[in-house]
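Source file my_file05.txt; content: compact mmCIF, C-alpha atoms and all ligand atoms.
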# COMPACT_ATOMS: atom_id res chain seq x y z
CA MET A 1 111.58 253.07 172.16
CA SER A 2 111.65 256.09 169.87
CA ASP A 3 111.10 259.62 171.17
CA LEU A 4 108.74 260.20 168.24
CA THR A 5 105.09 259.15 168.58
CA LEU A 6 102.26 259.56 166.10
CA TYR A 7 98.66 259.44 167.34
CA VAL A 8 96.20 258.35 164.67
CA GLY A 9 92.47 257.72 164.35
CA ASN A 10 90.54 254.69 163.05
CA ARG A 11 92.66 253.50 160.19
CA VAL A 12 89.95 252.54 157.70
CA TYR A 13 88.45 256.01 157.85
CA SER A 14 90.93 258.62 158.99
CA SER A 15 92.36 260.18 155.84
CA TRP A 16 94.19 262.87 157.83
CA SER A 17 95.95 260.18 159.86
CA ILE A 18 97.10 258.50 156.65
CA ARG A 19 98.91 261.68 155.61
CA GLY A 20 100.70 261.89 158.95
CA TYR A 21 101.58 258.21 158.91
CA LEU A 22 102.97 258.19 155.39
CA VAL A 23 105.10 261.28 155.98
CA VAL A 24 106.67 259.76 159.11
CA LYS A 25 107.35 256.57 157.18
CA TYR A 26 108.90 258.54 154.32
CA SER A 27 111.08 260.45 156.81
CA GLY A 28 112.79 257.15 157.63
CA LEU A 29 112.67 258.02 161.35
CA ASP A 30 111.86 255.39 163.91
CA PHE A 31 108.50 256.10 165.58
CA ASN A 32 105.79 254.70 167.79
CA ILE A 33 102.18 254.74 166.74
CA ILE A 34 99.21 255.03 169.08
CA ASP A 35 95.66 254.44 167.82
CA ILE A 36 92.88 256.52 169.31
CA ASP A 37 89.36 255.20 168.81
CA LEU A 38 87.38 258.13 167.41
CA ASP A 39 84.12 256.21 167.73
CA GLN A 40 83.33 257.98 170.97
CA VAL A 41 81.13 260.69 172.37
CA GLY A 42 82.23 264.03 170.87
CA TYR A 43 83.17 262.64 167.44
CA GLY A 44 82.40 265.05 164.62
CA LYS A 45 82.47 267.93 167.10
CA ARG A 46 86.17 267.70 167.87
CA GLN A 47 85.26 267.02 171.47
CA ILE A 48 86.63 263.54 172.06
CA ARG A 49 88.18 263.63 175.51
CA ASP A 50 91.15 261.36 174.68
CA VAL A 51 92.09 263.63 171.77
CA LEU A 52 91.54 266.88 173.65
CA GLU A 53 94.02 265.70 176.27
CA LEU A 54 96.67 265.86 173.53
CA SER A 55 95.53 268.68 171.26
CA PRO A 56 93.22 271.65 171.77
CA THR A 57 91.91 271.09 168.22
CA GLY A 58 90.37 267.75 169.20
CA CYS A 59 91.77 266.25 165.98
CA VAL A 60 94.24 263.59 164.96
CA PRO A 61 96.89 263.13 163.70
CA ILE A 62 99.13 264.45 166.45
CA LEU A 63 102.88 264.05 166.58
CA GLN A 64 104.77 263.99 169.85
CA HIS A 65 108.49 264.57 169.83
CA LYS A 66 110.05 264.60 173.28
CA GLY A 67 108.00 267.28 175.10
CA LEU A 68 106.59 268.83 171.95
CA LEU A 69 103.08 268.12 170.69
CA ILE A 70 102.33 269.06 167.08
CA TRP A 71 98.82 268.93 165.67
CA ASP A 72 97.66 269.20 162.07
CA SER A 73 99.00 266.97 159.30
CA LEU A 74 100.64 269.84 157.41
CA ALA A 75 102.47 271.15 160.48
CA ILE A 76 103.54 267.57 161.21
CA ALA A 77 104.88 267.20 157.66
CA GLU A 78 106.81 270.47 157.88
CA TYR A 79 108.27 269.50 161.26
CA LEU A 80 109.40 266.12 159.94
CA ASN A 81 110.94 267.82 156.93
CA GLU A 82 113.09 269.82 159.37
CA LEU A 83 113.81 266.83 161.58
CA ALA A 84 114.93 264.63 158.67
CA PRO A 85 116.47 267.02 156.13
CA ASN A 86 118.20 264.22 154.27
CA ALA A 87 114.96 262.35 153.60
CA ASN A 88 114.08 264.89 150.86
CA LEU A 89 110.44 264.98 151.86
CA TYR A 90 110.15 267.93 149.50
CA PRO A 91 112.08 268.15 146.20
CA LYS A 92 115.62 269.53 146.35
CA ASP A 93 115.13 272.05 143.57
CA LYS A 94 113.78 275.38 144.88
CA ASN A 95 111.14 275.84 142.16
CA ALA A 96 109.97 272.24 142.29
CA ARG A 97 109.81 272.55 146.09
CA ALA A 98 107.61 275.64 145.79
CA ILE A 99 105.19 273.77 143.50
CA ALA A 100 105.22 270.73 145.78
CA ARG A 101 104.32 272.97 148.73
CA ALA A 102 101.60 274.71 146.70
CA LEU A 103 100.07 271.34 145.74
CA THR A 104 100.29 270.10 149.32
CA CYS A 105 98.58 273.25 150.60
CA GLU A 106 95.96 273.00 147.85
CA MET A 107 95.13 269.51 149.09
CA HIS A 108 95.20 270.57 152.71
CA SER A 109 92.83 273.50 152.36
CA GLY A 110 90.74 272.57 149.33
CA PHE A 111 88.72 269.83 147.65
CA SER A 112 85.75 270.23 149.99
CA ALA A 113 83.22 268.77 147.51
CA LEU A 114 85.36 265.70 147.04
CA ARG A 115 85.86 265.26 150.77
CA ASN A 116 82.17 265.76 151.57
CA ASN A 117 80.83 263.50 148.84
CA MET A 118 83.46 260.78 149.08
CA ALA A 119 83.89 260.02 152.76
CA HIS A 120 87.14 258.13 153.17
CA ASN A 121 86.70 254.41 153.71
CA LEU A 122 89.49 252.23 152.34
CA LYS A 123 87.42 249.10 152.93
CA ARG A 124 84.47 250.15 150.83
CA ARG A 125 83.82 249.80 147.07
CA VAL A 126 80.76 251.36 145.49
CA LYS A 127 79.44 251.74 141.97
CA GLU A 128 80.32 254.83 140.01
CA GLN A 129 77.75 257.57 140.38
CA ASP A 130 76.87 260.89 138.77
CA TRP A 131 78.71 263.59 140.65
CA ASP A 132 77.52 267.15 141.01
CA THR A 133 79.27 269.98 139.17
CA ASP A 134 81.56 270.93 142.05
CA THR A 135 82.72 267.37 142.60
CA ARG A 136 83.32 266.87 138.87
CA PHE A 137 85.33 270.07 138.79
CA GLU A 138 87.53 268.85 141.64
CA ILE A 139 87.98 265.39 140.10
CA LYS A 140 89.19 267.12 136.93
CA ARG A 141 91.58 269.29 138.95
CA VAL A 142 93.02 266.19 140.63
CA GLU A 143 93.49 264.50 137.25
CA ASP A 144 95.26 267.58 135.92
CA ILE A 145 97.54 267.76 138.96
CA PHE A 146 98.49 264.11 138.67
CA THR A 147 99.11 264.23 134.94
CA GLN A 148 100.76 267.64 134.59
CA THR A 149 103.02 267.42 137.64
CA ARG A 150 104.38 264.05 136.64
CA ALA A 151 104.94 265.33 133.11
CA ASP A 152 106.80 268.39 134.44
CA PHE A 153 108.75 266.95 137.38
CA GLY A 154 107.90 263.35 137.94
CA GLY A 155 109.03 259.85 137.76
CA LYS A 156 106.86 257.25 139.44
CA PHE A 157 105.70 259.84 141.98
CA LEU A 158 104.86 263.52 141.50
CA PHE A 159 108.45 264.71 141.94
CA GLY A 160 110.65 261.76 141.12
CA ASP A 161 110.94 258.11 141.96
CA LYS A 162 110.62 258.47 145.72
CA PRO A 163 107.42 259.46 147.50
CA GLY A 164 107.38 262.65 149.56
CA ILE A 165 104.98 264.89 151.45
CA VAL A 166 102.92 265.83 148.41
CA ASP A 167 102.42 262.16 147.49
CA ALA A 168 101.41 261.36 151.07
CA PHE A 169 98.81 264.11 150.96
CA TYR A 170 97.26 262.86 147.72
CA THR A 171 97.20 259.18 148.73
CA PRO A 172 93.80 259.40 150.48
CA ILE A 173 92.45 260.95 147.27
CA ALA A 174 93.67 257.93 145.31
CA SER A 175 91.95 255.73 147.88
CA ARG A 176 88.70 257.71 147.56
CA LEU A 177 88.79 257.49 143.75
CA ARG A 178 89.16 253.73 144.10
CA THR A 179 86.39 253.39 146.70
CA TYR A 180 83.93 255.38 144.59
CA ASN A 181 85.07 253.80 141.32
CA VAL A 182 85.61 257.19 139.71
CA THR A 183 86.55 257.14 136.04
CA ILE A 184 89.79 259.06 135.52
CA SER A 185 92.35 259.30 132.74
CA ASP A 186 94.87 256.48 132.25
CA ALA A 187 97.75 258.74 133.25
CA ALA A 188 96.04 259.77 136.47
CA ARG A 189 95.07 256.17 137.19
CA GLU A 190 98.65 255.02 136.75
CA TYR A 191 99.77 257.44 139.46
CA CYS A 192 96.91 256.34 141.75
CA GLU A 193 97.97 252.73 141.27
CA THR A 194 101.54 253.67 142.15
CA LEU A 195 100.35 255.29 145.38
CA LEU A 196 98.11 252.35 146.27
CA SER A 197 100.81 249.75 145.66
CA GLN A 198 103.42 251.62 147.68
CA PRO A 199 104.62 249.35 150.56
CA ASP A 200 103.97 251.89 153.35
CA TRP A 201 100.39 252.34 152.14
CA LEU A 202 99.92 248.56 151.89
CA GLU A 203 101.17 248.16 155.46
CA TRP A 204 98.66 250.79 156.66
CA GLU A 205 95.84 249.24 154.63
CA LYS A 206 96.55 245.76 156.00
CA SER A 207 96.57 246.94 159.60
CA ALA A 208 93.43 249.01 158.94
CA LEU A 209 91.52 246.01 157.61
CA GLU A 210 92.75 243.77 160.41
CA GLY A 211 91.78 246.32 163.07
CA TRP A 212 88.47 247.33 161.53
CA LYS A 213 85.30 247.52 163.58
CA PRO A 214 82.04 249.21 162.60
CA PHE A 215 82.04 252.91 163.29
CA ASN A 216 78.86 254.01 165.03
CA ALA A 217 79.45 257.63 165.92
CA GLY A 218 77.94 260.19 163.59
CA PRO A 219 75.15 259.95 161.08
CA TRP A 220 77.07 258.03 158.44
CA ASP A 221 76.06 254.46 159.28
CA THR A 222 75.78 253.37 155.68
CA ILE A 223 79.12 254.91 154.74
CA TYR A 224 81.01 253.63 157.73
CA GLU A 225 80.11 249.97 157.26
N1 LIG B 301 93.45 269.96 159.36
C1 LIG B 301 93.57 268.85 160.27
C2 LIG B 301 92.31 268.01 160.19
C3 LIG B 301 92.32 266.80 161.07
C4 LIG B 301 90.97 266.12 161.19
O1 LIG B 301 89.90 266.62 160.78
N2 LIG B 301 90.99 264.91 161.80
C5 LIG B 301 89.79 264.11 162.01
C6 LIG B 301 90.06 262.64 161.79
S1 LIG B 301 90.27 262.19 160.15
C7 LIG B 301 89.41 264.17 163.48
O2 LIG B 301 90.27 264.02 164.33
N3 LIG B 301 88.13 264.38 163.79
C8 LIG B 301 87.66 264.39 165.14
C9 LIG B 301 86.25 264.90 165.22
O3 LIG B 301 85.69 265.27 164.17
O4 LIG B 301 85.70 264.92 166.32
C10 LIG B 301 94.84 268.06 159.94
O5 LIG B 301 95.38 268.26 158.84
O6 LIG B 301 95.37 267.30 160.75
Before we go any further, please render this structure as structure tokens.
Amino acid sequence: MSDLTLYVGNRVYSSWSIRGYLVVKYSGLDFNIIDIDLDQVGYGKRQIRDVLELSPTGCVPILQHKGLLIWDSLAIAEYLNELAPNANLYPKDKNARAIARALTCEMHSGFSALRNNMAHNLKRRVKEQDWDTDTRFEIKRVEDIFTQTRADFGGKFLFGDKPGIVDAFYTPIASRLRTYNVTISDAAREYCETLLSQPDWLEWEKSALEGWKPFNAGPWDTIYE
């Protein structure tokens, strides 16, 4: 039994949990995973009792290492980067690492239109729709990030041929673009396909589909089917 445990939410929906999961996988460390059903009283208000017992934020993912509890996917990623320095979760080169961190932080704190209008649901596929200006702007920014970063630093992934923290953080975006059938450039699509055929993602996706049950909490019944 490993001394590292990751607590995650409902796998079909929880995009933040995906980030945490992929980073732990990419760290190469052995870990346990505990699923918390977010379909409970308090969901959407960060007041689910089972989550609050672990983190004052009321949010997953949460990483437990020995006596330490770490909340927030970015803090989890940074902690794992320190715990597994040889996994190269960020690029080795100082300048590339700075850009990788900037892109990770951009994902972590931005893209609110995309998040709000494209609720994460890896099971769902819907027809392409007309997006509002803000969403279109963010889709374009994502395309530019995918294309330019790979041109400047990349291989298969954004910074080489191995996935790292920044790739983990953009994987739920690739999943959203697929769910909502968003038209993007060929270069951007190629990177999305790389992310969505990566074995650790496929393992998550398979377990998510196998463990799926309808999500009733919140007002999003039609989205969370
Ligand atoms: N910034 C946080 C956000 C985490 C977050 O919003 N998690 C959602 C699940 S995807 C959650 O736990 N929501 C509980 C709720 O809304 O009550 C992170 O990076 O971990």
For ligand LIG 301 (chain B), the closest of A:Tyr21, A:Phe137, A:Tyr191, A:Trp131 counting only C-alpha atoms and all ligand atoms is A:Tyr21
Which one of A:Ser55, A:Leu6, A:Arg19, A:Ala87 sits closest to A:Ile33 if you count all atoms listed in the file? A:Leu6
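Comparing the minimum interatomic distances between A:Gln40 and each of A:Thr183, A:Gly9, A:Ala113, A:Phe146, counting all atoms listed in the file, we find that A:Gly9 sits nearest.
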Produce a table with one row for each residue of chain A that has an atom at most 6 Å from any atom of ligand LIG 301 (chain B), each row naming the nearest atom pair and its distance in Å at one decimal; use only C-alpha atoms and all ligand atoms; arrange rows by chain and rising residue number; format as a tab-separated table.
residue	atom	partner	partner_atom	distance
A:Ser14	CA	B:LIG301	S1	3.8
A:Ser15	CA	B:LIG301	S1	5.2
A:Trp16	CA	B:LIG301	S1	4.6
A:Gly42	CA	B:LIG301	O4	5.8
A:Tyr43	CA	B:LIG301	O4	3.6
A:Gly44	CA	B:LIG301	O3	3.3
A:Lys45	CA	B:LIG301	O4	4.5
A:Arg46	CA	B:LIG301	O4	3.2
A:Gln47	CA	B:LIG301	O4	5.6
A:Ile48	CA	B:LIG301	O4	6.0
A:Gly58	CA	B:LIG301	C8	5.9
A:Cys59	CA	B:LIG301	O2	3.2
A:Val60	CA	B:LIG301	O2	4.0
A:Pro61	CA	B:LIG301	O6	5.3
A:Asp72	CA	B:LIG301	O6	3.3
A:Ser73	CA	B:LIG301	O5	3.9
A:Leu74	CA	B:LIG301	O5	5.7
Given the choices A:Ala119, A:Leu63, A:Ala208, A:Val166, which gets closest to A:Ala98 if the distance is worked out from only C-alpha atoms? A:Val166
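Within 8 Å of stretch 168-182 of chain A, once only C-alpha atoms are used and residues closer than 3 positions along the same chain are dropped, the contacting residues are Ser15, Ile18, Arg19, Gly20, Leu22, Val23, Thr104, Met107, His108, Met118, Ala119, His120, Asn121, Leu122, Lys123, Arg124, Arg125, Val126, Lys127, Glu128, Gln129, Pro163, Gly164, Ile165, Cys192, Glu193, Leu195 and Leu196 of chain A.
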Measure the distance from atom CA of A:Asp35 to atom CA of A:Arg11 in Å and round it to one decimal.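 That distance, rounded to one decimal, is 8.3 Å.
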